[in-house]
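Raw contents of entry31.cif, mmCIF, C-alpha atoms and all ligand atoms:
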```cif
data_query
loop_
_atom_site.label_atom_id
_atom_site.label_comp_id
_atom_site.auth_asym_id
_atom_site.auth_seq_id
_atom_site.Cartn_x
_atom_site.Cartn_y
_atom_site.Cartn_z
CA MET A 6 119.10 12.96 185.77
CA ARG A 7 118.56 13.25 182.01
CA HIS A 8 121.58 12.89 179.72
CA LEU A 9 121.22 15.03 176.62
CA ALA A 10 122.54 15.04 173.08
CA VAL A 11 121.87 18.47 171.54
CA LEU A 12 121.92 18.54 167.73
CA GLY A 13 122.27 22.11 166.47
CA SER A 14 123.73 23.40 169.76
CA THR A 15 125.04 26.67 168.29
CA GLY A 16 121.63 27.79 166.96
CA SER A 17 118.85 29.74 168.60
CA ILE A 18 117.12 26.63 170.02
CA GLY A 19 120.45 24.96 170.80
CA THR A 20 121.77 27.85 172.90
CA SER A 21 118.42 28.20 174.71
CA THR A 22 118.57 24.46 175.47
CA LEU A 23 122.02 24.89 177.02
CA ASP A 24 120.65 27.79 179.13
CA VAL A 25 117.92 25.45 180.44
CA VAL A 26 120.54 22.79 181.23
CA GLU A 27 122.60 25.36 183.14
CA ALA A 28 119.51 26.31 185.17
CA HIS A 29 119.05 22.67 186.30
CA PRO A 30 122.51 21.13 186.74
CA ASP A 31 121.15 18.58 189.21
CA ARG A 32 118.58 17.30 186.65
CA LEU A 33 120.08 17.77 183.20
CA SER A 34 123.52 17.02 181.78
CA ILE A 35 125.14 17.16 178.33
CA VAL A 36 126.79 14.04 176.89
CA ALA A 37 126.86 14.92 173.16
CA LEU A 38 126.84 18.14 171.11
CA ALA A 39 126.59 18.63 167.35
CA ALA A 40 126.73 21.82 165.31
CA GLY A 41 127.55 23.10 161.84
CA ARG A 42 130.21 25.76 161.10
CA ASN A 43 130.23 28.11 164.11
CA ARG A 44 133.63 26.95 165.39
CA GLU A 45 134.30 29.42 168.18
CA LEU A 46 130.91 29.13 169.86
CA PHE A 47 130.98 25.35 169.54
CA LYS A 48 134.45 25.16 171.10
CA ALA A 49 133.25 27.29 174.04
CA GLN A 50 130.17 25.05 174.47
CA CYS A 51 132.32 21.89 174.40
CA GLU A 52 134.71 23.28 176.99
CA ARG A 53 131.82 24.41 179.18
CA PHE A 54 129.92 21.05 179.16
CA ARG A 55 132.76 18.64 178.21
CA PRO A 56 130.61 16.14 176.26
CA ALA A 57 132.37 12.90 175.32
CA CYS A 58 130.90 12.85 171.79
CA VAL A 59 130.88 15.91 169.50
CA SER A 60 130.31 16.59 165.81
CA VAL A 61 130.73 19.47 163.34
CA ALA A 62 129.71 19.82 159.69
CA GLU A 63 133.08 19.64 157.88
CA PRO A 64 136.31 17.61 158.28
CA ALA A 65 138.32 20.86 158.42
CA ASP A 66 136.23 22.07 161.39
CA ALA A 67 136.76 18.72 163.13
CA ALA A 68 140.55 19.03 162.69
CA TRP A 69 140.48 22.62 163.96
CA LEU A 70 138.42 21.57 166.98
CA GLN A 71 140.75 18.71 167.82
CA ALA A 72 143.71 21.11 167.95
CA ALA A 73 141.78 23.85 169.78
CA LEU A 74 139.98 21.92 172.57
CA ASN A 75 141.46 21.62 176.04
CA TYR A 76 140.16 18.03 176.40
CA ALA A 77 139.87 15.04 174.07
CA PRO A 78 136.32 13.97 173.15
CA GLU A 79 135.36 11.70 170.24
CA ILE A 80 135.14 14.18 167.34
CA HIS A 81 132.92 13.36 164.35
CA HIS A 82 131.81 15.32 161.31
CA GLY A 83 129.13 15.50 158.63
CA ALA A 84 125.89 13.53 158.41
CA GLU A 85 127.55 10.51 160.06
CA GLY A 86 128.71 12.68 162.93
CA LEU A 87 125.16 13.94 163.49
CA MET A 88 124.00 10.30 163.55
CA ALA A 89 126.74 9.38 166.05
CA CYS A 90 125.52 12.12 168.42
CA ALA A 91 121.83 11.25 167.81
CA THR A 92 122.44 7.63 168.79
CA CYS A 93 125.21 8.21 171.38
CA PRO A 94 124.75 5.32 173.88
CA ASP A 95 125.20 7.64 176.89
CA ALA A 96 122.25 9.87 175.88
CA ASP A 97 118.66 9.12 176.91
CA THR A 98 117.31 12.39 175.46
CA VAL A 99 118.00 14.07 172.12
CA VAL A 100 117.15 17.68 171.26
CA ALA A 101 116.70 17.81 167.47
CA ALA A 102 117.45 21.48 166.69
CA VAL A 103 119.30 21.36 163.38
CA VAL A 104 117.58 23.62 160.86
CA GLY A 105 115.93 22.23 157.73
CA ALA A 106 115.64 18.79 156.15
CA ALA A 107 119.32 18.24 157.10
CA GLY A 108 117.92 17.23 160.50
CA LEU A 109 115.63 14.47 159.21
CA ALA A 110 117.85 11.37 159.33
CA SER A 111 119.29 12.15 162.79
CA THR A 112 115.82 12.75 164.26
CA GLU A 113 114.64 9.44 162.81
CA ALA A 114 117.73 7.61 164.09
CA ALA A 115 117.29 8.97 167.61
CA LEU A 116 113.64 7.86 167.65
CA ARG A 117 114.57 4.43 166.31
CA ALA A 118 117.20 4.15 169.06
CA GLY A 119 114.45 4.62 171.66
CA ARG A 120 115.44 8.07 172.94
CA ARG A 121 113.15 10.80 174.20
CA VAL A 122 113.39 13.10 171.20
CA CYS A 123 112.49 16.75 171.77
CA VAL A 124 111.82 17.92 168.24
CA ALA A 125 112.39 21.55 167.31
CA ASN A 126 113.32 20.57 163.76
CA LYS A 127 109.76 20.88 162.43
CA GLU A 128 111.01 19.97 158.95
CA SER A 129 111.54 16.35 160.19
CA LEU A 130 107.86 16.09 161.01
CA VAL A 131 106.68 17.90 157.89
CA VAL A 132 108.89 15.90 155.53
CA GLY A 133 108.81 12.52 157.24
CA GLY A 134 105.87 12.56 159.65
CA ALA A 135 104.69 8.98 159.09
CA LEU A 136 108.29 7.73 159.16
CA MET A 137 108.93 9.47 162.49
CA HIS A 138 105.91 7.72 164.02
CA GLN A 139 107.16 4.36 162.69
CA ALA A 140 110.65 5.01 164.11
CA ARG A 141 109.21 6.03 167.49
CA ALA A 142 107.08 2.88 167.62
CA ALA A 143 110.06 0.69 166.60
CA GLY A 144 112.33 2.24 169.26
CA ALA A 145 109.60 2.53 171.92
CA GLY A 146 110.92 6.01 172.66
CA GLN A 147 109.07 9.33 173.03
CA LEU A 148 108.49 12.24 170.69
CA LEU A 149 107.88 15.59 172.38
CA PRO A 150 107.40 18.85 170.49
CA VAL A 151 109.56 21.90 171.21
CA ASP A 152 107.79 24.32 168.88
CA SER A 153 105.91 26.64 171.25
CA GLU A 154 102.48 26.10 169.64
CA HIS A 155 102.86 22.32 169.68
CA ALA A 156 104.22 22.27 173.21
CA ALA A 157 101.10 24.29 174.07
CA LEU A 158 98.87 21.78 172.27
CA HIS A 159 100.63 18.92 174.04
CA GLN A 160 99.78 20.56 177.35
CA LEU A 161 96.17 21.16 176.28
CA LEU A 162 95.51 17.73 174.75
CA ASP A 163 97.55 15.46 177.04
CA GLY A 164 95.24 12.77 178.40
CA ARG A 165 92.23 13.95 176.34
CA ALA A 166 90.11 11.52 174.34
CA PRO A 167 90.71 12.40 170.64
CA GLU A 168 86.95 12.30 169.98
CA SER A 169 86.38 15.16 172.47
CA ILE A 170 88.42 17.58 170.32
CA ARG A 171 86.54 19.63 167.73
CA GLU A 172 89.44 21.80 166.55
CA VAL A 173 92.70 23.37 167.62
CA ARG A 174 93.97 26.86 166.90
CA ILE A 175 97.62 27.74 166.76
CA THR A 176 98.52 31.38 167.00
CA ALA A 177 100.81 33.43 164.77
CA SER A 178 102.27 36.83 165.53
CA GLY A 179 101.61 37.70 161.89
CA GLY A 180 105.29 38.57 161.38
CA PRO A 181 106.72 41.95 160.38
CA PHE A 182 104.33 42.36 157.41
CA ARG A 183 101.09 41.66 159.28
CA ASP A 184 99.60 45.08 158.50
CA TRP A 185 101.41 45.80 155.23
CA PRO A 186 99.47 46.13 151.97
CA LEU A 187 100.10 43.48 149.29
CA GLU A 188 102.22 45.75 147.03
CA ARG A 189 104.60 46.58 149.89
CA ILE A 190 104.92 42.91 150.94
CA GLN A 191 105.77 41.92 147.37
CA ALA A 192 108.78 44.26 147.39
CA ALA A 193 109.99 43.50 150.95
CA THR A 194 113.76 43.45 151.53
CA VAL A 195 115.79 40.85 153.45
CA GLU A 196 116.41 43.33 156.26
CA GLU A 197 112.67 44.05 156.60
CA ALA A 198 111.80 40.33 156.56
CA LEU A 199 114.40 39.53 159.25
CA ASN A 200 112.93 42.13 161.60
CA HIS A 201 110.54 39.86 163.53
CA PRO A 202 108.35 41.77 166.03
CA THR A 203 108.15 39.24 168.90
CA TRP A 204 110.56 36.28 168.51
CA LYS A 205 114.38 36.14 168.14
CA MET A 206 115.12 33.11 165.96
CA GLY A 207 117.48 31.78 163.28
CA PRO A 208 117.28 33.44 159.83
CA LYS A 209 115.42 30.65 157.98
CA ILE A 210 112.52 30.42 160.43
CA THR A 211 112.40 34.23 160.65
CA ILE A 212 111.80 34.48 156.89
CA ASP A 213 109.24 31.64 157.19
CA SER A 214 107.48 33.74 159.82
CA ALA A 215 107.34 36.72 157.46
CA THR A 216 105.75 34.63 154.66
CA LEU A 217 103.57 32.67 157.18
CA MET A 218 105.11 29.49 155.74
CA ASN A 219 106.28 28.83 159.29
CA LYS A 220 102.64 28.67 160.37
CA GLY A 221 101.87 26.45 157.38
CA LEU A 222 104.65 24.05 158.37
CA GLU A 223 103.24 24.13 161.92
CA VAL A 224 99.76 23.22 160.66
CA ILE A 225 101.30 20.13 159.01
CA GLU A 226 103.35 19.46 162.16
CA ALA A 227 100.17 19.60 164.30
CA SER A 228 98.44 17.16 161.99
CA VAL A 229 101.37 14.73 162.28
CA LEU A 230 101.82 15.09 166.05
CA PHE A 231 98.18 14.96 167.12
CA GLY A 232 96.51 13.00 164.30
CA LEU A 233 94.24 15.92 163.37
CA LYS A 234 92.55 16.51 160.00
CA PRO A 235 93.45 19.70 158.07
CA GLU A 236 90.04 21.25 158.79
CA GLN A 237 90.55 20.68 162.53
CA ILE A 238 93.66 22.91 162.60
CA GLN A 239 93.10 26.65 162.34
CA VAL A 240 95.45 29.63 162.53
CA THR A 241 94.67 32.73 164.58
CA ILE A 242 96.70 35.93 164.29
CA HIS A 243 97.68 37.08 167.77
CA PRO A 244 100.39 39.78 167.58
CA GLN A 245 101.20 39.69 171.30
CA SER A 246 102.41 36.02 171.12
CA GLN A 247 101.27 35.22 174.67
CA VAL A 248 98.52 32.70 173.87
CA HIS A 249 100.29 29.94 171.94
CA ALA A 250 97.44 27.57 171.14
CA MET A 251 93.79 26.88 171.88
CA ALA A 252 91.91 23.59 172.07
CA GLY A 253 88.22 23.66 171.13
CA PHE A 254 86.06 20.82 172.46
CA HIS A 255 82.74 19.50 171.14
CA ASP A 256 80.76 21.20 173.90
CA GLY A 257 81.88 24.60 172.55
CA THR A 258 84.45 25.24 175.29
CA TYR A 259 87.97 26.47 174.51
CA GLN A 260 91.07 26.13 176.65
CA LEU A 261 94.05 28.41 176.00
CA GLN A 262 97.71 27.97 176.87
CA VAL A 263 99.51 31.14 177.99
CA CYS A 264 103.15 31.81 178.80
CA ALA A 265 105.90 34.31 178.04
CA ASN A 266 107.24 34.17 174.49
CA ASP A 267 110.55 32.58 175.40
CA MET A 268 111.55 29.26 173.82
CA LYS A 269 113.23 28.16 177.05
CA LEU A 270 109.76 27.36 178.42
CA PRO A 271 108.69 24.80 175.77
CA ILE A 272 112.25 23.41 175.69
CA GLN A 273 112.18 22.80 179.45
CA TYR A 274 108.68 21.32 179.21
CA ALA A 275 109.84 18.78 176.61
CA LEU A 276 112.99 17.92 178.56
CA THR A 277 111.31 17.44 181.93
CA TYR A 278 107.77 16.24 181.00
CA PRO A 279 105.68 15.23 182.91
CA GLU A 280 107.36 17.18 185.70
CA ARG A 281 107.08 20.96 186.07
CA LEU A 282 110.37 22.38 187.34
CA PRO A 283 110.79 26.06 188.29
CA GLY A 284 110.81 28.07 185.07
CA PRO A 285 113.97 29.35 183.39
CA VAL A 286 112.31 32.77 182.82
CA PRO A 287 110.41 35.16 185.16
CA VAL A 288 106.90 33.99 186.11
CA TYR A 289 104.12 35.54 184.00
CA ASP A 290 103.21 38.92 185.46
CA TRP A 291 99.40 39.23 185.75
CA THR A 292 99.65 42.59 187.54
CA GLN A 293 100.43 44.21 184.16
CA ALA A 294 97.39 45.40 182.20
CA ARG A 295 97.39 43.73 178.79
CA THR A 296 95.43 43.83 175.58
CA TRP A 297 95.30 40.68 173.49
CA THR A 298 93.89 40.70 169.98
CA PHE A 299 92.88 37.82 167.70
CA SER A 300 92.07 37.86 163.97
CA LEU A 301 92.13 35.61 160.93
CA PRO A 302 95.07 35.32 158.49
CA ASP A 303 94.78 36.88 155.03
CA LEU A 304 95.66 34.18 152.47
CA GLU A 305 95.88 36.67 149.63
CA ARG A 306 98.75 38.57 151.24
CA PHE A 307 100.24 35.37 152.74
CA PRO A 308 99.73 32.65 150.10
CA CYS A 309 102.36 30.31 151.66
CA LEU A 310 99.85 29.39 154.38
CA GLY A 311 97.33 28.29 151.73
CA LEU A 312 100.04 26.31 149.91
CA ALA A 313 100.86 24.43 153.13
CA TYR A 314 97.18 23.52 153.66
CA ALA A 315 97.02 22.34 150.02
CA ALA A 316 100.12 20.15 150.54
CA LEU A 317 98.66 18.69 153.75
CA ARG A 318 95.39 17.86 151.95
CA ALA A 319 97.26 16.35 148.97
CA GLY A 320 99.21 14.13 151.40
CA GLY A 321 102.00 11.69 150.52
CA THR A 322 105.20 13.49 149.55
CA ALA A 323 103.46 16.86 148.89
CA PRO A 324 104.70 18.33 152.23
CA THR A 325 108.24 17.16 151.31
CA ILE A 326 108.01 19.04 148.00
CA LEU A 327 106.60 22.12 149.75
CA ASN A 328 109.39 22.12 152.33
CA ALA A 329 112.23 21.50 149.86
CA ALA A 330 111.09 24.26 147.48
CA ASN A 331 110.63 26.62 150.41
CA GLU A 332 114.12 25.94 151.81
CA GLU A 333 115.66 26.62 148.41
CA ALA A 334 113.61 29.78 147.84
CA VAL A 335 114.33 31.15 151.33
CA ALA A 336 118.08 30.49 150.89
CA ALA A 337 117.95 32.31 147.53
CA PHE A 338 116.07 35.24 149.10
CA LEU A 339 118.55 35.50 151.99
CA ALA A 340 121.41 35.46 149.45
CA GLY A 341 119.78 38.28 147.47
CA ARG A 342 119.09 36.03 144.46
CA THR A 343 115.30 36.23 144.46
CA SER A 344 112.52 38.53 145.66
CA PHE A 345 110.37 38.01 148.73
CA TRP A 346 107.28 37.43 146.61
CA ASP A 347 109.05 34.82 144.47
CA ILE A 348 109.34 32.53 147.52
CA GLN A 349 105.65 31.68 147.26
CA ALA A 350 105.77 31.60 143.44
CA CYS A 351 108.64 29.10 143.50
CA VAL A 352 106.88 26.86 146.04
CA ALA A 353 103.58 26.99 144.11
CA GLU A 354 105.28 26.13 140.81
CA THR A 355 107.30 23.24 142.30
CA LEU A 356 104.20 21.78 143.97
CA ALA A 357 102.19 22.07 140.75
CA HIS A 358 104.98 20.46 138.70
CA LEU A 359 105.78 17.45 140.91
CA GLY A 360 102.83 15.23 141.80
CA PRO A 361 102.85 13.69 145.29
CA GLN A 362 103.62 9.98 145.79
CA PRO A 363 102.60 7.80 148.76
CA VAL A 364 105.36 7.85 151.42
CA GLN A 365 107.30 4.55 151.58
CA ASN A 366 110.64 5.06 153.28
CA LEU A 367 113.33 7.57 154.18
CA ALA A 368 115.38 7.01 151.01
CA GLN A 369 112.34 7.68 148.81
CA VAL A 370 111.46 10.83 150.79
CA MET A 371 115.04 12.12 150.52
CA ALA A 372 115.03 11.40 146.74
CA CYS A 373 111.80 13.41 146.47
CA ASP A 374 113.42 16.21 148.53
CA HIS A 375 116.39 16.30 146.10
CA GLU A 376 114.15 16.29 143.03
CA ALA A 377 112.04 19.15 144.41
CA ARG A 378 115.17 21.16 145.28
CA ALA A 379 116.52 20.71 141.76
CA ARG A 380 113.21 21.84 140.27
CA ALA A 381 112.99 24.83 142.63
CA ARG A 382 116.60 25.86 141.89
CA ALA A 383 115.93 25.68 138.15
CA TRP A 384 112.86 27.89 138.61
CA LEU A 385 114.82 30.35 140.76
CA ASP A 386 117.68 30.51 138.20
CA ALA A 387 115.20 31.13 135.40
CA HIS A 388 113.57 33.97 137.36
CA ALA A 389 116.74 35.56 138.84
N1 LIG B 1 114.35 29.60 166.88
C1 LIG B 1 113.16 29.35 167.35
O1 LIG B 1 112.63 30.09 168.18
C2 LIG B 1 112.40 28.14 166.86
C3 LIG B 1 111.12 27.92 167.35
C4 LIG B 1 110.44 26.78 166.98
C5 LIG B 1 111.05 25.86 166.12
N2 LIG B 1 112.29 26.11 165.62
C6 LIG B 1 112.88 25.14 164.70
O2 LIG B 1 114.10 24.67 165.29
C7 LIG B 1 115.05 24.38 164.27
C8 LIG B 1 116.30 25.20 164.58
O3 LIG B 1 115.96 26.58 164.46
P1 LIG B 1 116.95 27.74 164.93
O4 LIG B 1 116.16 28.99 164.86
O5 LIG B 1 117.58 27.33 166.22
O6 LIG B 1 118.02 27.71 163.75
P2 LIG B 1 119.47 28.35 163.73
O7 LIG B 1 119.62 29.39 164.76
O8 LIG B 1 119.76 28.70 162.30
O9 LIG B 1 120.41 27.11 164.17
C9 LIG B 1 120.54 25.95 163.37
C10 LIG B 1 121.51 24.98 164.01
O10 LIG B 1 121.69 23.87 163.12
C11 LIG B 1 123.10 23.70 162.88
N3 LIG B 1 123.24 23.10 161.57
C12 LIG B 1 122.80 23.58 160.39
N4 LIG B 1 123.10 22.73 159.39
C13 LIG B 1 123.74 21.67 159.99
C14 LIG B 1 124.31 20.48 159.50
N5 LIG B 1 124.26 20.15 158.20
N6 LIG B 1 124.89 19.63 160.39
C15 LIG B 1 124.93 19.94 161.71
N7 LIG B 1 124.39 21.08 162.24
C16 LIG B 1 123.83 21.92 161.36
C17 LIG B 1 123.66 25.10 163.00
O11 LIG B 1 125.07 25.05 163.21
P3 LIG B 1 126.06 26.33 162.93
O12 LIG B 1 125.32 27.55 163.33
O13 LIG B 1 127.22 26.00 163.83
O14 LIG B 1 126.42 26.30 161.48
C18 LIG B 1 122.91 25.58 164.24
O15 LIG B 1 123.46 25.00 165.40
C19 LIG B 1 114.38 24.75 162.95
O16 LIG B 1 113.84 23.60 162.38
C20 LIG B 1 113.27 25.71 163.34
O17 LIG B 1 112.18 25.67 162.45
C21 LIG B 1 112.98 27.21 165.99
#
```
So that I can check it, write out the structure of this file as structure tokens.
Ligand SMILES: NC(=O)c1ccc[n+]([C@@H]2O[C@H](COP(=O)([O-])OP(=O)(O)OC[C@H]3O[C@@H](n4cnc5c(N)ncnc54)[C@H](OP(=O)(O)O)[C@@H]3O)[C@@H](O)[C@H]2O)c1
Amino acid sequence: MRHLAVLGSTGSIGTSTLDVVEAHPDRLSIVALAAGRNRELFKAQCERFRPACVSVAEPADAAWLQAALNYAPEIHHGAEGLMACATCPDADTVVAAVVGAAGLASTEAALRAGRRVCVANKESLVVGGALMHQARAAGAGQLLPVDSEHAALHQLLDGRAPESIREVRITASGGPFRDWPLERIQAATVEEALNHPTWKMGPKITIDSATLMNKGLEVIEASVLFGLKPEQIQVTIHPQSQVHAMAGFHDGTYQLQVCANDMKLPIQYALTYPERLPGPVPVYDWTQARTWTFSLPDLERFPCLGLAYAALRAGGTAPTILNAANEEAVAAFLAGRTSFWDIQACVAETLAHLGPQPVQNLAQVMACDHEARARARAWLDAHA
């Protein structure tokens, strides 16, 4: 039996994780839940799973929860509350599914505490990759990816000698603007950008999918997780989202990983690895005729992907700067304060302005994150 702490339980990954737990009550249980501001859903989740340790973002939400719940768990709030759930002594497994750099410290703490950490929060790996490896080594725990492409790569590369791998390819649906001309992309609205063709996800990652920044963050994530050089990680546009990744070996052979585009599959893989339990979604139906297409991304229409490669090559804190500026620009776009095209302009300007430093520790990385956010916000205000 695995005992789970789910950080970000009210989000897209969080709710899918709870669906997987419900499908395997004899193998998976919930001992801690943490969320942000979605009070009603969080209350229902707590009453359904009755975890002993829970956390919400604000003190007012914690007080509301205490009065509303029909049982009496330990109720925490804020960054310290997330940490309490991440390091809850009853949990052996932590699902890190908070969105954004807000998830960094709790992911690191869970690794340092020796948990199996199933990481959906790709920002933790992008911003603090080297630090996450150090924390995992210090805690002697495990780090398993939840992102579908990285779960696919984990399945393809597990047990392989690193020197046998020539390259990997992660696939991208191409997002809603895959076939749009540049001028139309530049003027895209929030509603158009949120209309993802194949995946249902939270708003931030959906915008990142429209700019292809999500794929850029995943390239950095793949480098961190599998120790690959930038030139060994390629992106292939595959609108059907059925092949999630490919591993290319030195003899010229490729292996592909295929499954339905449902995040419950990679979540269950990370939770139950190395076992393969019956799937939480219908088995892939090979009796259906299918057409799969593959093409290369266009960096002129999707410059965020090129910016992510540049940050990975620059190294040090460059991915932290990239991520911070992107989070600020995406938030401004979602709030109607900037245009779709200004997301990439803001990230490019922030990266050009702040030179990368070698990564030393979490405090330094968070200081760099704050500096980059301030710079990006100033740029966004000046261009509003
Ligand atoms: N969705 C996907 O299919 C997918 C696939 C691969 C990777 N990912 C990655 O997984 C992560 C989560 O994505 P998502 O799509 O699930 O996001 P989401 O739907 O927006 O959910 C985010 C979760 O984080 C919580 N949260 C936000 N700020 C918090 C804070 N300061 N303290 C505590 N909890 C906080 C939210 O709580 P409230 O809603 O209660 O405020 C919610 O539970 C992201 O890093 C994303 O890149 C997602």
Neighbours of point (126.3, 16.1, 166.3) within 6 Å, using all atoms listed in the file, written as a PyMOL selection string: chain A and resi 12+38-40+59-60+86-87+90
A straight line from atom CA of A:Asp374 to atom CA of A:Asn328 spans 8.1 Å
Ligand LIG 1 (chain B): which residues are within 7 Å, counting all atoms listed in the file, as a PyMOL selection string? chain A and resi 12-19+39-44+47+61-62+83-84+87+102-105+107+125-128+151-153+204-210+268
#### Entry: Closest of A:Ala389, A:Leu270, A:Leu149, A:Ala96 to A:Arg342 - atom-to-atom distances counting all atoms listed in the file
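For A:Arg342, the nearest of the candidates is A:Ala389.
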Quiz prompt | atom CA of A:Trp185 to atom CA of A:Val224, distance in Å rounded to a single decimal | solution =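 That distance, rounded to one decimal, is 23.3 Å.
Using all atoms listed in the file, the contacts of stretch 180-183 of chain A at a cut-off of 6 Å, with sequence neighbours closer than 4 positions omitted, comprise His201, Pro202, Ser214 and Ala215 of chain A.
Rounded to one decimal, atom CA of A:Arg281 and atom CA of A:Gln147 lie 17.6 Å from each other.
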task = Find the residues with any atom within 8 Å of (101.7, 39.2, 152.8); use all atoms listed in the file and the coordinates as given in the file, and write the answer as a PyMOL selection string.
result = chain A and resi 182-183+185-187+190-191+215-216+303-308
Counting all atoms listed in the file, give me one row per residue of stretch 251-313 of chain A with an atom at most 7 Å from an atom of stretch 167-171 of chain A, showing the shortest contact pair and its distance in Å to one decimal, sorted by chain then residue number, as a tab-separated table.
```
residue	atom	partner	partner_atom	distance
A:Gly253	CA	A:Arg171	CA	5.5
A:Phe254	CA	A:Ile170	CA	4.5
A:His255	CA	A:Arg171	CA	5.1
```
_Between A:Ala315, A:Ala156, A:Ala72, A:Leu282, which residue has the minimum interatomic distance to A:Cys264, considering only C-alpha atoms?_
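Using only C-alpha atoms, A:Cys264 sits closest to A:Ala156.
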| request: Name the closest residue to A:Ile348 among the candidates A:Ala275, A:Ile238, A:His243, A:Ile212; distances are taken between atoms, counting all atoms listed in the file. | output: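 That would be A:Ile212, the residue with the smallest distance to A:Ile348.
Using all atoms listed in the file, the shortest contact distance between A:Leu162 and any of A:Asp31, A:Ala252, A:Leu385, A:Pro271 is found at A:Ala252.
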Check: Smallest atom-to-atom distance to A:Arg382: which of A:Val263, A:Leu136, A:Val240, A:Ala330, using all atoms listed in the file?
Finding: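 Going through A:Val263, A:Leu136, A:Val240, A:Ala330 one by one, the smallest distance to A:Arg382 is for A:Ala330.
Nearest-residue note for A:Met6: choosing from A:Pro78, A:Thr98, A:Ala73, A:Gln247, the minimum distance belongs to A:Thr98, counting all atoms listed in the file.
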Would you write out, as CSV, a table of all residues in stretch 40-142 of chain A that have an atom no more than 12 Å from an atom of stretch 355-366 of chain A, listing for each the closest atom pair and the distance in Å to one decimal, considering all atoms listed in the file and ordering rows by chain and rising residue number?
```
residue,atom,partner,partner_atom,distance
A:Ala110,CA,A:Asn366,CA,11.3
A:Glu113,CA,A:Asn366,CA,11.2
A:Val132,CA,A:Val364,CA,9.7
A:Gly133,CA,A:Val364,CA,8.2
A:Gly134,CA,A:Val364,CA,9.5
A:Ala135,CA,A:Val364,CA,7.8
A:Leu136,CA,A:Asn366,CA,6.9
A:Met137,CA,A:Asn366,CA,10.4
A:Gln139,CA,A:Asn366,CA,10.1
A:Ala140,CA,A:Asn366,CA,10.8
```
Using the partial input, fill out stretch 275-288 of chain A with N, CA and C atoms; write the result as a PDB file, in the coordinates of the input.
```
ATOM      1  N   ALA A 275     109.552  20.027 177.343  1.00  0.00           N
ATOM      2  CA  ALA A 275     109.840  18.780 176.610  1.00  0.00           C
ATOM      3  C   ALA A 275     110.913  17.962 177.331  1.00  0.00           C
ATOM      4  N   LEU A 276     111.894  18.647 177.893  1.00  0.00           N
ATOM      5  CA  LEU A 276     112.990  17.920 178.560  1.00  0.00           C
ATOM      6  C   LEU A 276     112.515  17.256 179.851  1.00  0.00           C
ATOM      7  N   THR A 277     111.624  17.903 180.571  1.00  0.00           N
ATOM      8  CA  THR A 277     111.310  17.440 181.930  1.00  0.00           C
ATOM      9  C   THR A 277     109.917  16.813 182.057  1.00  0.00           C
ATOM     10  N   TYR A 278     109.107  16.817 180.970  1.00  0.00           N
ATOM     11  CA  TYR A 278     107.770  16.240 181.000  1.00  0.00           C
ATOM     12  C   TYR A 278     107.802  14.852 181.653  1.00  0.00           C
ATOM     13  N   PRO A 279     106.877  14.486 182.507  1.00  0.00           N
ATOM     14  CA  PRO A 279     105.680  15.230 182.910  1.00  0.00           C
ATOM     15  C   PRO A 279     105.883  16.128 184.127  1.00  0.00           C
ATOM     16  N   GLU A 280     107.135  16.312 184.537  1.00  0.00           N
ATOM     17  CA  GLU A 280     107.360  17.180 185.700  1.00  0.00           C
ATOM     18  C   GLU A 280     107.277  18.649 185.295  1.00  0.00           C
ATOM     19  N   ARG A 281     107.052  19.507 186.284  1.00  0.00           N
ATOM     20  CA  ARG A 281     107.080  20.960 186.070  1.00  0.00           C
ATOM     21  C   ARG A 281     108.126  21.535 187.025  1.00  0.00           C
ATOM     22  N   LEU A 282     109.318  21.791 186.517  1.00  0.00           N
ATOM     23  CA  LEU A 282     110.370  22.380 187.340  1.00  0.00           C
ATOM     24  C   LEU A 282     110.213  23.897 187.349  1.00  0.00           C
ATOM     25  N   PRO A 283     110.827  24.587 188.320  1.00  0.00           N
ATOM     26  CA  PRO A 283     110.790  26.060 188.290  1.00  0.00           C
ATOM     27  C   PRO A 283     111.258  26.575 186.933  1.00  0.00           C
ATOM     28  N   GLY A 284     110.578  27.597 186.442  1.00  0.00           N
ATOM     29  CA  GLY A 284     110.810  28.070 185.070  1.00  0.00           C
ATOM     30  C   GLY A 284     112.154  28.746 184.898  1.00  0.00           C
ATOM     31  N   PRO A 285     112.699  28.696 183.678  1.00  0.00           N
ATOM     32  CA  PRO A 285     113.970  29.350 183.390  1.00  0.00           C
ATOM     33  C   PRO A 285     113.799  30.840 183.069  1.00  0.00           C
ATOM     34  N   VAL A 286     112.553  31.335 183.097  1.00  0.00           N
ATOM     35  CA  VAL A 286     112.310  32.770 182.820  1.00  0.00           C
ATOM     36  C   VAL A 286     111.377  33.298 183.913  1.00  0.00           C
ATOM     37  N   PRO A 287     111.285  34.625 184.104  1.00  0.00           N
ATOM     38  CA  PRO A 287     110.410  35.160 185.160  1.00  0.00           C
ATOM     39  C   PRO A 287     108.966  34.684 184.996  1.00  0.00           C
ATOM     40  N   VAL A 288     108.296  34.449 186.122  1.00  0.00           N
ATOM     41  CA  VAL A 288     106.900  33.990 186.110  1.00  0.00           C
ATOM     42  C   VAL A 288     106.023  35.056 185.457  1.00  0.00           C
TER      43      VAL A 288
END
```
